[in-house]
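Q: This is my_file_7.cif (mmCIF, C-alpha atoms and all ligand atoms).
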```
data_start
#
loop_
_atom_site.label_atom_id
_atom_site.label_comp_id
_atom_site.auth_asym_id
_atom_site.auth_seq_id
_atom_site.Cartn_x
_atom_site.Cartn_y
_atom_site.Cartn_z
CA MET A 1 93.52 60.39 63.24
CA LYS A 2 93.25 61.40 66.89
CA VAL A 3 96.11 62.66 69.03
CA ALA A 4 96.17 63.20 72.80
CA PHE A 5 98.70 65.08 74.94
CA ALA A 6 99.89 64.86 78.54
CA THR A 7 102.18 67.60 79.84
CA LEU A 8 104.20 67.44 83.03
CA GLY A 9 106.32 70.11 84.64
CA CYS A 10 106.93 73.76 83.94
CA ARG A 11 105.43 76.59 81.87
CA VAL A 12 108.02 76.10 79.15
CA ASN A 13 106.81 72.53 78.68
CA LYS A 14 103.21 73.77 78.50
CA TYR A 15 104.20 76.31 75.86
CA GLU A 16 105.97 73.63 73.83
CA THR A 17 102.98 71.29 74.05
CA GLU A 18 100.78 74.06 72.60
CA ALA A 19 103.22 74.42 69.72
CA MET A 20 103.16 70.65 69.08
CA VAL A 21 99.35 70.63 69.23
CA GLU A 22 99.33 73.18 66.39
CA LYS A 23 101.65 71.08 64.29
CA PHE A 24 99.36 68.04 64.60
CA ILE A 25 96.24 70.09 63.80
CA LYS A 26 97.94 71.50 60.70
CA ASP A 27 98.64 67.94 59.62
CA GLY A 28 94.94 67.04 59.89
CA TYR A 29 94.86 65.42 63.34
CA GLU A 30 92.01 65.88 65.78
CA VAL A 31 93.11 66.62 69.36
CA VAL A 32 91.24 64.68 72.08
CA PRO A 33 91.64 64.58 75.89
CA PHE A 34 94.38 62.29 77.19
CA GLU A 35 91.82 60.05 78.95
CA GLU A 36 90.19 59.19 75.62
CA TYR A 37 90.99 56.68 72.91
CA ALA A 38 93.54 58.13 70.46
CA ASP A 39 95.76 56.90 67.63
CA VAL A 40 98.74 58.88 68.89
CA TYR A 41 99.70 59.86 72.46
CA VAL A 42 102.36 62.46 73.18
CA ILE A 43 103.80 62.62 76.69
CA ASN A 44 105.83 65.79 77.27
CA THR A 45 107.87 64.73 80.28
CA CYS A 46 109.58 66.38 83.25
CA THR A 47 112.62 65.20 85.16
CA VAL A 48 113.03 67.94 87.75
CA THR A 49 112.38 65.45 90.57
CA ASN A 50 112.41 61.64 90.77
CA MET A 51 108.63 62.00 91.03
CA GLY A 52 108.62 63.71 87.61
CA ASP A 53 110.18 60.58 86.08
CA LYS A 54 107.68 58.35 87.87
CA LYS A 55 104.68 60.38 86.74
CA SER A 56 106.03 60.41 83.18
CA ARG A 57 106.22 56.58 83.24
CA GLN A 58 102.68 56.38 84.65
CA MET A 59 101.37 58.48 81.75
CA ILE A 60 103.12 56.21 79.25
CA HIS A 61 101.48 53.13 80.84
CA ARG A 62 98.11 54.87 80.91
CA ALA A 63 98.32 55.66 77.19
CA ARG A 64 99.25 52.06 76.45
CA ARG A 65 96.25 50.77 78.42
CA GLU A 66 93.92 53.12 76.51
CA ASN A 67 95.01 51.84 73.10
CA GLU A 68 97.76 49.25 72.81
CA ASP A 69 98.10 49.91 69.08
CA ALA A 70 98.59 53.66 69.47
CA VAL A 71 101.84 55.37 68.55
CA ILE A 72 103.27 56.46 71.89
CA SER A 73 105.69 59.37 71.74
CA VAL A 74 107.76 60.53 74.67
CA VAL A 75 109.46 63.92 74.46
CA GLY A 76 111.08 66.40 76.84
CA CYS A 77 113.40 66.42 79.81
CA TYR A 78 113.02 62.82 81.03
CA SER A 79 113.58 61.38 77.55
CA GLN A 80 116.55 63.72 77.05
CA ILE A 81 118.23 62.56 80.27
CA ALA A 82 117.30 58.87 80.12
CA SER A 83 116.55 58.09 76.48
CA GLU A 84 117.64 54.47 76.78
CA GLU A 85 115.50 53.82 79.84
CA VAL A 86 112.50 55.46 78.13
CA SER A 87 113.00 53.52 74.89
CA GLN A 88 112.80 50.26 76.83
CA ILE A 89 109.39 51.00 78.35
CA ASP A 90 106.84 48.71 76.80
CA GLY A 91 104.93 50.36 73.95
CA VAL A 92 107.11 53.45 73.43
CA ASP A 93 107.49 54.16 69.69
CA VAL A 94 109.05 57.63 69.46
CA VAL A 95 111.62 59.14 71.82
CA LEU A 96 112.63 62.79 71.26
CA GLY A 97 114.63 65.10 73.55
CA THR A 98 114.22 68.74 74.47
CA ARG A 99 115.64 70.35 71.33
CA ASN A 100 113.70 68.58 68.60
CA LYS A 101 110.07 68.61 69.70
CA GLY A 102 109.31 70.44 66.45
CA GLU A 103 110.00 67.23 64.48
CA ILE A 104 107.28 65.32 66.32
CA VAL A 105 104.73 65.05 63.51
CA TYR A 106 107.34 63.85 61.03
CA TRP A 107 108.54 61.05 63.34
CA VAL A 108 105.06 59.99 64.43
CA ASN A 109 103.88 59.69 60.80
CA ARG A 110 106.99 57.76 59.88
CA VAL A 111 106.50 55.31 62.75
CA ARG A 112 102.84 54.89 61.81
CA GLU A 113 103.99 53.67 58.39
CA GLU A 114 107.04 51.66 59.36
CA ARG A 115 106.14 50.51 62.92
CA LYS A 116 109.77 50.74 63.90
CA GLN A 117 110.89 52.55 67.06
CA VAL A 118 112.66 55.91 66.62
CA VAL A 119 115.02 57.42 69.21
CA GLU A 120 116.17 60.92 68.17
CA VAL A 121 117.77 62.73 71.07
CA LYS A 122 120.23 65.51 70.27
CA GLU A 123 123.30 66.50 72.25
CA VAL A 124 122.36 69.63 74.22
CA MET A 125 125.28 70.50 76.47
CA LYS A 126 127.30 72.28 73.79
CA ASN A 127 124.44 73.04 71.46
CA ASN A 128 123.16 76.58 71.54
CA ALA A 129 120.83 76.57 68.57
CA PHE A 130 117.40 77.86 69.63
CA GLU A 131 114.66 75.57 68.35
CA GLU A 132 111.93 77.63 66.68
CA LEU A 133 108.73 76.26 68.16
CA ASN A 134 106.11 78.94 67.77
CA ILE A 135 102.45 79.19 68.63
CA GLU A 136 100.58 80.72 65.73
CA SER A 137 96.89 80.32 66.48
CA TYR A 138 95.53 82.66 69.07
CA GLN A 139 92.54 81.56 71.11
CA ASP A 140 92.89 83.28 74.46
CA LYS A 141 92.86 87.03 73.72
CA THR A 142 94.16 88.20 77.07
CA ARG A 143 97.72 87.06 77.65
CA ALA A 144 100.29 85.19 75.65
CA PHE A 145 103.37 83.28 76.71
CA LEU A 146 106.44 83.82 74.60
CA LYS A 147 109.42 81.51 75.04
CA ILE A 148 112.51 83.62 74.49
CA GLN A 149 115.23 81.35 75.77
CA ASP A 150 116.10 77.76 76.62
CA GLY A 151 118.81 76.08 78.69
CA CYS A 152 120.77 77.05 81.79
CA ASN A 153 124.49 77.39 82.55
CA ARG A 154 124.13 77.74 86.32
CA PHE A 155 124.34 74.16 87.67
CA CYS A 156 122.72 74.58 91.07
CA SER A 157 123.74 71.49 93.01
CA TYR A 158 120.20 70.08 93.36
CA CYS A 159 119.08 70.62 89.77
CA LEU A 160 119.30 68.40 86.71
CA ILE A 161 117.78 70.94 84.33
CA PRO A 162 121.07 72.12 82.75
CA PHE A 163 121.67 68.50 81.66
CA ALA A 164 118.15 68.12 80.29
CA ARG A 165 117.78 71.54 78.65
CA GLY A 166 121.43 72.09 77.80
CA ALA A 167 123.39 75.26 77.23
CA VAL A 168 121.72 78.68 77.10
CA CYS A 169 120.26 79.48 73.70
CA SER A 170 118.21 82.55 72.88
CA LYS A 171 115.59 83.50 70.34
CA PRO A 172 116.97 86.31 68.14
CA PRO A 173 115.65 89.69 69.38
CA GLU A 174 114.19 90.69 65.98
CA LYS A 175 112.04 87.52 66.04
CA ILE A 176 110.80 88.31 69.55
CA ILE A 177 109.85 91.82 68.50
CA SER A 178 108.03 90.71 65.36
CA GLU A 179 106.12 88.06 67.34
CA VAL A 180 105.11 90.57 69.99
CA LYS A 181 103.83 92.91 67.23
CA GLU A 182 101.88 90.01 65.78
CA LEU A 183 100.38 89.20 69.19
CA ALA A 184 99.41 92.86 69.65
CA ALA A 185 97.71 92.82 66.25
CA HIS A 186 95.68 89.80 67.40
CA GLY A 187 94.39 91.70 70.43
CA PHE A 188 96.68 90.43 73.18
CA LYS A 189 97.19 92.90 76.00
CA GLU A 190 99.70 91.00 78.10
CA ILE A 191 102.88 89.14 77.20
CA ILE A 192 104.72 86.81 79.54
CA LEU A 193 108.34 86.28 78.58
CA SER A 194 109.42 82.84 79.67
CA GLY A 195 112.39 80.53 79.52
CA ILE A 196 114.47 78.21 81.67
CA HIS A 197 116.88 80.92 82.86
CA THR A 198 115.54 84.16 81.38
CA ALA A 199 118.22 86.31 83.03
CA SER A 200 120.80 84.64 80.73
CA TYR A 201 118.91 85.77 77.65
CA GLY A 202 121.35 86.89 74.96
CA VAL A 203 124.61 85.56 76.44
CA ASP A 204 124.94 83.15 73.50
CA LEU A 205 124.14 85.70 70.79
CA GLU A 206 126.84 87.49 68.85
CA GLU A 207 125.03 90.79 68.82
CA ASP A 208 124.98 92.86 71.98
CA CYS A 209 121.55 92.21 73.43
CA SER A 210 120.07 91.29 76.77
CA LEU A 211 116.73 90.76 78.45
CA LEU A 212 116.84 94.44 79.38
CA SER A 213 117.21 95.62 75.78
CA VAL A 214 114.35 93.31 74.73
CA LEU A 215 112.14 94.73 77.49
CA GLU A 216 112.98 98.27 76.35
CA GLN A 217 112.03 97.47 72.76
CA ILE A 218 108.76 95.76 73.74
CA ASP A 219 107.85 98.79 75.86
CA LYS A 220 107.51 100.81 72.65
CA ILE A 221 105.14 98.42 70.88
CA PRO A 222 101.60 99.86 70.69
CA GLY A 223 98.73 97.59 71.73
CA ILE A 224 100.64 95.59 74.33
CA GLU A 225 99.79 96.99 77.73
CA ARG A 226 101.55 94.64 80.11
CA VAL A 227 104.76 92.64 80.04
CA ARG A 228 105.70 90.10 82.66
CA ILE A 229 108.82 88.04 83.14
CA GLY A 230 108.46 84.48 84.43
CA SER A 231 110.67 83.43 87.35
CA ILE A 232 113.98 85.30 87.18
CA ASP A 233 117.41 85.01 88.77
CA PRO A 234 117.75 87.81 91.37
CA GLN A 235 121.19 88.66 90.02
CA PHE A 236 119.59 90.12 86.90
CA PHE A 237 118.64 93.15 88.99
CA THR A 238 121.82 95.19 89.22
CA GLU A 239 121.45 98.83 90.26
CA GLY A 240 121.78 99.90 86.60
CA VAL A 241 119.10 97.46 85.45
CA ILE A 242 116.69 98.55 88.19
CA GLU A 243 117.18 102.17 87.23
CA ARG A 244 116.39 101.44 83.58
CA ILE A 245 113.39 99.14 84.19
CA SER A 246 111.86 101.61 86.64
CA VAL A 247 110.98 103.91 83.71
CA LEU A 248 109.39 101.18 81.57
CA LYS A 249 105.64 101.76 81.38
CA LYS A 250 104.56 98.24 80.54
CA LEU A 251 106.75 96.01 82.69
CA CYS A 252 104.57 94.74 85.52
CA PRO A 253 105.86 95.31 89.05
CA HIS A 254 105.86 91.65 90.00
CA PHE A 255 109.07 89.65 90.12
CA HIS A 256 109.46 86.04 91.15
CA LEU A 257 113.01 85.90 92.51
CA SER A 258 113.91 82.40 93.65
CA LEU A 259 115.80 82.69 96.93
CA GLN A 260 115.84 78.96 97.92
CA SER A 261 117.45 79.70 101.30
CA GLY A 262 118.11 82.75 103.47
CA CYS A 263 121.23 81.17 104.98
CA ASN A 264 124.60 81.72 103.28
CA GLU A 265 126.03 78.29 104.17
CA THR A 266 123.00 76.55 102.67
CA LEU A 267 123.15 78.80 99.59
CA LYS A 268 126.79 77.83 99.13
CA ARG A 269 125.97 74.10 99.22
CA MET A 270 123.18 74.75 96.75
CA ASN A 271 125.72 76.48 94.48
CA ARG A 272 123.51 79.56 94.28
CA ARG A 273 125.67 82.52 93.36
CA TYR A 274 124.44 85.22 95.72
CA THR A 275 124.35 85.74 99.45
CA ALA A 276 121.28 86.48 101.53
CA GLY A 277 122.62 90.02 102.02
CA GLU A 278 122.90 90.59 98.26
CA TYR A 279 119.35 89.30 97.78
CA GLU A 280 118.08 91.65 100.48
CA LYS A 281 119.79 94.61 98.79
CA ILE A 282 118.11 93.74 95.47
CA VAL A 283 114.71 93.58 97.21
CA GLU A 284 115.34 96.96 98.84
CA ASP A 285 116.46 98.55 95.56
CA LEU A 286 113.41 97.21 93.73
CA ARG A 287 111.12 98.51 96.46
CA SER A 288 112.64 101.95 96.52
CA ASN A 289 112.51 102.35 92.72
CA ILE A 290 109.24 100.65 91.75
CA ASP A 291 105.89 101.50 93.36
CA ASP A 292 103.80 98.64 94.75
CA VAL A 293 106.32 96.06 93.57
CA SER A 294 105.43 92.52 94.56
CA ILE A 295 108.30 90.11 95.14
CA THR A 296 107.58 86.42 95.44
CA THR A 297 109.96 83.54 95.95
CA ASP A 298 110.67 79.81 96.21
CA ILE A 299 112.28 78.22 99.26
CA ILE A 300 113.61 74.68 99.62
CA VAL A 301 113.46 73.29 103.17
CA GLY A 302 115.43 70.27 104.37
CA PHE A 303 118.33 70.65 101.95
CA PRO A 304 121.13 68.17 102.93
CA GLU A 305 122.92 69.23 106.12
CA GLU A 306 120.41 72.02 106.83
CA THR A 307 120.67 72.39 110.61
CA GLU A 308 118.04 73.86 112.90
CA GLU A 309 120.18 76.97 113.11
CA GLU A 310 120.42 77.31 109.33
CA PHE A 311 116.67 76.90 108.96
CA ASN A 312 116.07 79.51 111.67
CA THR A 313 118.36 81.90 109.80
CA THR A 314 116.18 81.44 106.70
CA TYR A 315 113.00 81.87 108.75
CA GLU A 316 114.20 85.07 110.42
CA PHE A 317 115.50 86.42 107.10
CA LEU A 318 112.10 85.92 105.44
CA LYS A 319 110.29 87.40 108.43
CA ARG A 320 112.44 90.49 108.13
CA ILE A 321 112.27 91.10 104.38
CA LYS A 322 108.50 90.32 104.14
CA LEU A 323 107.87 89.05 100.62
CA SER A 324 104.37 88.88 99.17
CA LYS A 325 104.34 85.12 98.56
CA ILE A 326 106.62 82.19 99.43
CA HIS A 327 106.30 78.89 97.61
CA VAL A 328 107.74 76.22 99.90
CA PHE A 329 109.26 72.98 98.60
CA LYS A 330 110.55 70.08 100.65
CA TYR A 331 113.91 68.96 99.28
CA SER A 332 113.87 65.62 97.54
CA PRO A 333 117.11 64.19 96.11
CA ARG A 334 117.42 64.12 92.35
CA LYS A 335 119.57 61.24 91.12
CA GLY A 336 122.51 62.52 89.08
CA THR A 337 122.94 65.79 90.99
CA LYS A 338 125.71 66.77 93.43
CA ALA A 339 123.20 67.36 96.22
CA ALA A 340 121.95 63.77 95.94
CA GLU A 341 125.46 62.61 96.96
CA MET A 342 125.60 64.86 100.03
CA LYS A 343 125.61 63.24 103.47
CA ASN A 344 123.37 64.15 106.42
CA SER A 345 120.01 64.22 104.74
CA VAL A 346 117.26 65.84 106.79
CA ASP A 347 114.61 63.62 108.32
CA GLY A 348 111.17 63.72 106.63
CA ASN A 349 109.36 64.81 109.83
CA ILE A 350 111.72 67.71 110.26
CA LYS A 351 111.15 68.75 106.63
CA ASP A 352 107.38 68.65 107.29
CA GLU A 353 107.79 70.81 110.39
CA ARG A 354 109.97 73.39 108.61
CA SER A 355 107.64 73.48 105.66
CA SER A 356 104.57 74.08 107.89
CA LYS A 357 106.39 76.86 109.73
CA LEU A 358 107.19 78.69 106.49
CA ILE A 359 103.70 78.14 105.05
CA ALA A 360 102.23 79.72 108.20
CA LEU A 361 104.63 82.67 107.84
CA ASP A 362 103.68 83.01 104.19
CA LYS A 363 99.97 83.28 105.04
CA VAL A 364 100.65 86.15 107.44
CA MET A 365 102.93 88.01 105.01
CA GLU A 366 100.62 87.53 102.02
CA GLU A 367 97.67 88.93 103.97
CA GLU A 368 99.77 91.86 105.18
CA PHE A 369 100.83 92.66 101.61
CA MET A 370 97.30 92.44 100.25
CA LYS A 371 95.84 94.67 102.97
CA LYS A 372 97.99 97.54 101.68
CA PHE A 373 95.69 97.78 98.70
CA LEU A 374 92.35 98.03 100.54
CA GLY A 375 90.51 101.18 99.50
CA ARG A 376 92.88 101.78 96.58
CA ASN A 377 91.94 101.98 92.89
CA MET A 378 93.84 99.45 90.80
CA GLU A 379 93.89 98.58 87.11
CA VAL A 380 92.76 94.98 86.72
CA LEU A 381 93.06 92.97 83.54
CA TYR A 382 90.00 90.72 83.70
CA GLU A 383 90.65 87.37 82.10
CA GLN A 384 87.48 85.36 82.45
CA LYS A 385 84.23 84.67 84.26
CA CYS A 386 84.75 82.81 87.56
CA SER A 387 83.63 79.22 87.32
CA ASN A 388 80.21 78.59 88.94
CA SER A 389 79.21 82.22 88.65
CA GLN A 390 76.99 84.25 86.36
CA ASP A 391 78.37 87.72 87.03
CA LEU A 392 81.75 87.45 88.74
CA TYR A 393 84.94 88.04 86.74
CA GLU A 394 88.52 87.38 87.78
CA GLY A 395 91.68 89.14 86.73
CA TYR A 396 95.01 90.41 87.96
CA THR A 397 96.48 93.70 89.07
CA PRO A 398 99.82 94.73 87.50
CA ASN A 399 101.57 93.35 90.59
CA TYR A 400 99.79 90.03 90.11
CA ILE A 401 97.17 89.96 92.83
CA LYS A 402 94.01 88.16 91.88
CA VAL A 403 90.89 90.34 91.96
CA VAL A 404 87.27 89.25 91.64
CA SER A 405 84.57 91.77 90.70
CA LYS A 406 80.90 91.75 89.73
CA SER A 407 79.82 92.86 86.26
CA GLU A 408 76.68 92.40 84.21
CA LYS A 409 78.61 92.94 80.98
CA ASP A 410 81.29 90.54 79.76
CA ILE A 411 84.55 92.24 80.73
CA SER A 412 86.93 89.40 79.80
CA GLY A 413 90.04 90.72 78.10
CA SER A 414 89.63 94.31 79.26
CA ILE A 415 91.47 96.42 81.78
CA LYS A 416 89.13 98.09 84.28
CA ASN A 417 89.75 100.57 87.02
CA THR A 418 88.66 98.79 90.18
CA GLU A 419 88.24 99.82 93.79
CA ILE A 420 89.61 97.18 96.17
CA VAL A 421 87.10 96.60 98.94
CA GLN A 422 88.07 93.38 100.71
CA THR A 423 90.67 90.60 101.00
CA LYS A 424 89.43 87.04 101.23
CA ASN A 425 91.50 83.81 101.16
CA GLY A 426 94.38 85.25 99.17
CA ILE A 427 92.09 87.11 96.72
CA LEU A 428 91.02 90.76 96.57
CA GLU A 429 87.40 91.68 96.02
CA GLY A 430 86.73 94.78 93.95
CA ASN A 431 84.08 97.14 92.58
CA LEU A 432 84.35 98.29 88.99
CA LEU A 433 84.73 102.05 88.75
CA ASN A 434 84.24 102.95 85.10
CA ASP A 435 81.38 102.84 82.68
CA CYS A 436 80.41 99.16 82.83
S1 LIG B 1 119.22 78.37 87.83
FE1 LIG B 1 119.65 76.57 89.07
S2 LIG B 1 117.60 75.82 89.63
FE2 LIG B 1 117.29 77.20 87.89
S3 LIG B 1 117.31 75.83 86.07
FE3 LIG B 1 119.42 76.62 86.38
S4 LIG B 1 120.44 75.05 87.59
FE4 LIG B 1 118.24 74.68 87.78
#
```
Kindly present the structure from the file in structure tokens form.

A:
Amino acid sequence: MKVAFATLGCRVNKYETEAMVEKFIKDGYEVVPFEEYADVYVINTCTVTNMGDKKSRQMIHRARRENEDAVISVVGCYSQIASEEVSQIDGVDVVLGTRNKGEIVYWVNRVREERKQVVEVKEVMKNNAFEELNIESYQDKTRAFLKIQDGCNRFCSYCLIPFARGAVCSKPPEKIISEVKELAAHGFKEIILSGIHTASYGVDLEEDCSLLSVLEQIDKIPGIERVRIGSIDPQFFTEGVIERISVLKKLCPHFHLSLQSGCNETLKRMNRRYTAGEYEKIVEDLRSNIDDVSITTDIIVGFPEETEEEFNTTYEFLKRIKLSKIHVFKYSPRKGTKAAEMKNSVDGNIKDERSSKLIALDKVMEEEFMKKFLGRNMEVLYEQKCSNSQDLYEGYTPNYIKVVSKSEKDISGSIKNTEIVQTKNGILEGNLLNDC
């Protein structure tokens, strides 16, 4: 039997698809590309924007066109939020939510026998049981994603994720530690801790543990050389936390702190729980305690009622604090959220203009940040050969700048001391310094 997967949305979804892939392989299935004929199609959906829903529906129709007798399974955020709508789409056989993806093989096999639609979507808003969905086979030997947490209790006014992913639930710390040890034993050098709202890790657990205590324990595990945290709420970084993480040897000095707006009025409408001033203080504290720290962010432009003055406040704020990368998103209303009900939406042309202005600012700031490293020696974890090249390898510095260097030997998976010689289109070019 052949199974094909399509994954939309975030890193957590990608992680969960990998875990489902393993379950099908263990059951004897062969995994084929989504564009090919398969007996089973799994669409791991996203609902973060209305476009996410639309793309999810397009994938369902595409699977149906490929093989109209296939078992079509829809899992994830869109099916959690709109299970009835999804179950009525022509050809859909299995509908699972966000907290029972691990049951996928069981339901698919049952539907193959009985040919009767199954809709199994669990309540998630009050449910804080962490679903164990692990990846056990290790192909890439360089870095591994580890999902440590699910759900979010924040309810930003533009976001539907808390309704799709439910209440915060955390993987028990002893399981995280044993999995990291396992990954180290399989040769992984870098671990990326991910989740929906990683800063909330542990709030649901009875024992006293937090993301900080997990980071401190991982720091002592031999074999693992780098630890990264996916996107994290800026409020995680209190003065006490910054002081304690500054002595960790393995935590990489790159933090993606979503700002969303540099204007307090806009932040208030977004229901973000910090002010621009508090964010700036966190950035300053991180910079004064951690060498070469890189801070990147997300910004939404054209949020309802965002005036020219509010946008300019954000622009000037970003210009002043100089981050190393800004990802710019144009606001689009998400049905079911508070922001979608707000009046005074911003015209599309104005959103385009504001977005272009911030993208231009980002280019200047990114280049400025990268130039600081010219002539310096940096440790680069090389991941793979660049596509279309015989002897160029690409990897990342601890503060997550991409570096490309020449090597006659295969250096994938190894950390090499590298002299930075040039910046080019958002990438650093380097020369290897040690024995290779
Ligand atoms: S913190 Fe806000 S934006 Fe992030 S998942 Fe939670 S509600 Fe959504």

Q: Give as a ChimeraX atom specification the residues surrounding ligand LIG 1 (chain B) up to a distance of 6 Å, considering all atoms listed in the file.

A: /A:152,154-156,159,161-162,196

Q: For Asp90 (chain A), list every protein, DNA or RNA residue within 9 Å, evaluated using all atoms listed in the file, and leave out those in the same chain fewer than 5 positions away; present the list as JSON, numbers by chain.

A: {"A": [60, 61, 64]}

Q: Using 10 Å as the limit and counting all atoms listed in the file, can you tabulate each residue of region 180-236 of chain A that touches region 413-416 of chain A, with its shortest atom-to-atom distance in Å and the two atoms involved, as JSON lines?

A:
```
{"residue": "A:Gly187", "atom": "CA", "partner": "A:Gly413", "partner_atom": "CA", "distance": 8.9}
{"residue": "A:Phe188", "atom": "CA", "partner": "A:Gly413", "partner_atom": "CA", "distance": 8.3}
{"residue": "A:Lys189", "atom": "CA", "partner": "A:Gly413", "partner_atom": "CA", "distance": 7.8}
{"residue": "A:Glu190", "atom": "CA", "partner": "A:Gly413", "partner_atom": "CA", "distance": 9.7}
{"residue": "A:Glu225", "atom": "CA", "partner": "A:Ile415", "partner_atom": "CA", "distance": 9.3}
```

Q: Set the distance at 7 Å and use only C-alpha atoms: which residues neighbour region 294-297 of chain A once local chain neighbours fewer than 4 positions away are removed? I'd like the list as a PyMOL selection string.

A: chain A and resi 253-259+323-327+399

Q: May I have the residues from that selection written out with C-alpha atoms, as an mmCIF file, keeping the file's coordinate frame?

A:
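File written: result20.cif
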```
data_model
loop_
_atom_site.group_PDB
_atom_site.id
_atom_site.type_symbol
_atom_site.label_atom_id
_atom_site.label_comp_id
_atom_site.auth_asym_id
_atom_site.auth_seq_id
_atom_site.Cartn_x
_atom_site.Cartn_y
_atom_site.Cartn_z
ATOM 1 C CA PRO A 253 105.860 95.310 89.050
ATOM 2 C CA HIS A 254 105.860 91.650 90.000
ATOM 3 C CA PHE A 255 109.070 89.650 90.120
ATOM 4 C CA HIS A 256 109.460 86.040 91.150
ATOM 5 C CA LEU A 257 113.010 85.900 92.510
ATOM 6 C CA SER A 258 113.910 82.400 93.650
ATOM 7 C CA LEU A 259 115.800 82.690 96.930
ATOM 8 C CA LEU A 323 107.870 89.050 100.620
ATOM 9 C CA SER A 324 104.370 88.880 99.170
ATOM 10 C CA LYS A 325 104.340 85.120 98.560
ATOM 11 C CA ILE A 326 106.620 82.190 99.430
ATOM 12 C CA HIS A 327 106.300 78.890 97.610
ATOM 13 C CA ASN A 399 101.570 93.350 90.590
#
```

Q: Just want the 6 Å neighbourhood of Tyr78 (chain A), counted on only C-alpha atoms, with same-chain residues fewer than 6 positions away dropped. Output as a list in words.

A: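 Answer for this query is Thr45, Cys46 and Thr47 of chain A.
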
Q: With distances taken over only C-alpha atoms, which of A:Val31, A:Asn264, A:Ala339, A:Asn127 is nearest to Tyr279 (chain A)?

A: A:Asn264

Q: Within 10 Å of (108.0, 90.2, 69.0), in the coordinates the file gives, what residues turn up when you count all atoms listed in the file, written out as a tab-separated table (two decimals) with C-alpha atoms, in the frame of the given file?

A:
```
chain	number	residue	atom	x	y	z
A	146	LEU	CA	106.44	83.82	74.60
A	148	ILE	CA	112.51	83.62	74.49
A	172	PRO	CA	116.97	86.31	68.14
A	173	PRO	CA	115.65	89.69	69.38
A	174	GLU	CA	114.19	90.69	65.98
A	175	LYS	CA	112.04	87.52	66.04
A	176	ILE	CA	110.80	88.31	69.55
A	177	ILE	CA	109.85	91.82	68.50
A	178	SER	CA	108.03	90.71	65.36
A	179	GLU	CA	106.12	88.06	67.34
A	180	VAL	CA	105.11	90.57	69.99
A	181	LYS	CA	103.83	92.91	67.23
A	182	GLU	CA	101.88	90.01	65.78
A	183	LEU	CA	100.38	89.20	69.19
A	184	ALA	CA	99.41	92.86	69.65
A	191	ILE	CA	102.88	89.14	77.20
A	214	VAL	CA	114.35	93.31	74.73
A	217	GLN	CA	112.03	97.47	72.76
A	218	ILE	CA	108.76	95.76	73.74
A	221	ILE	CA	105.14	98.42	70.88
```
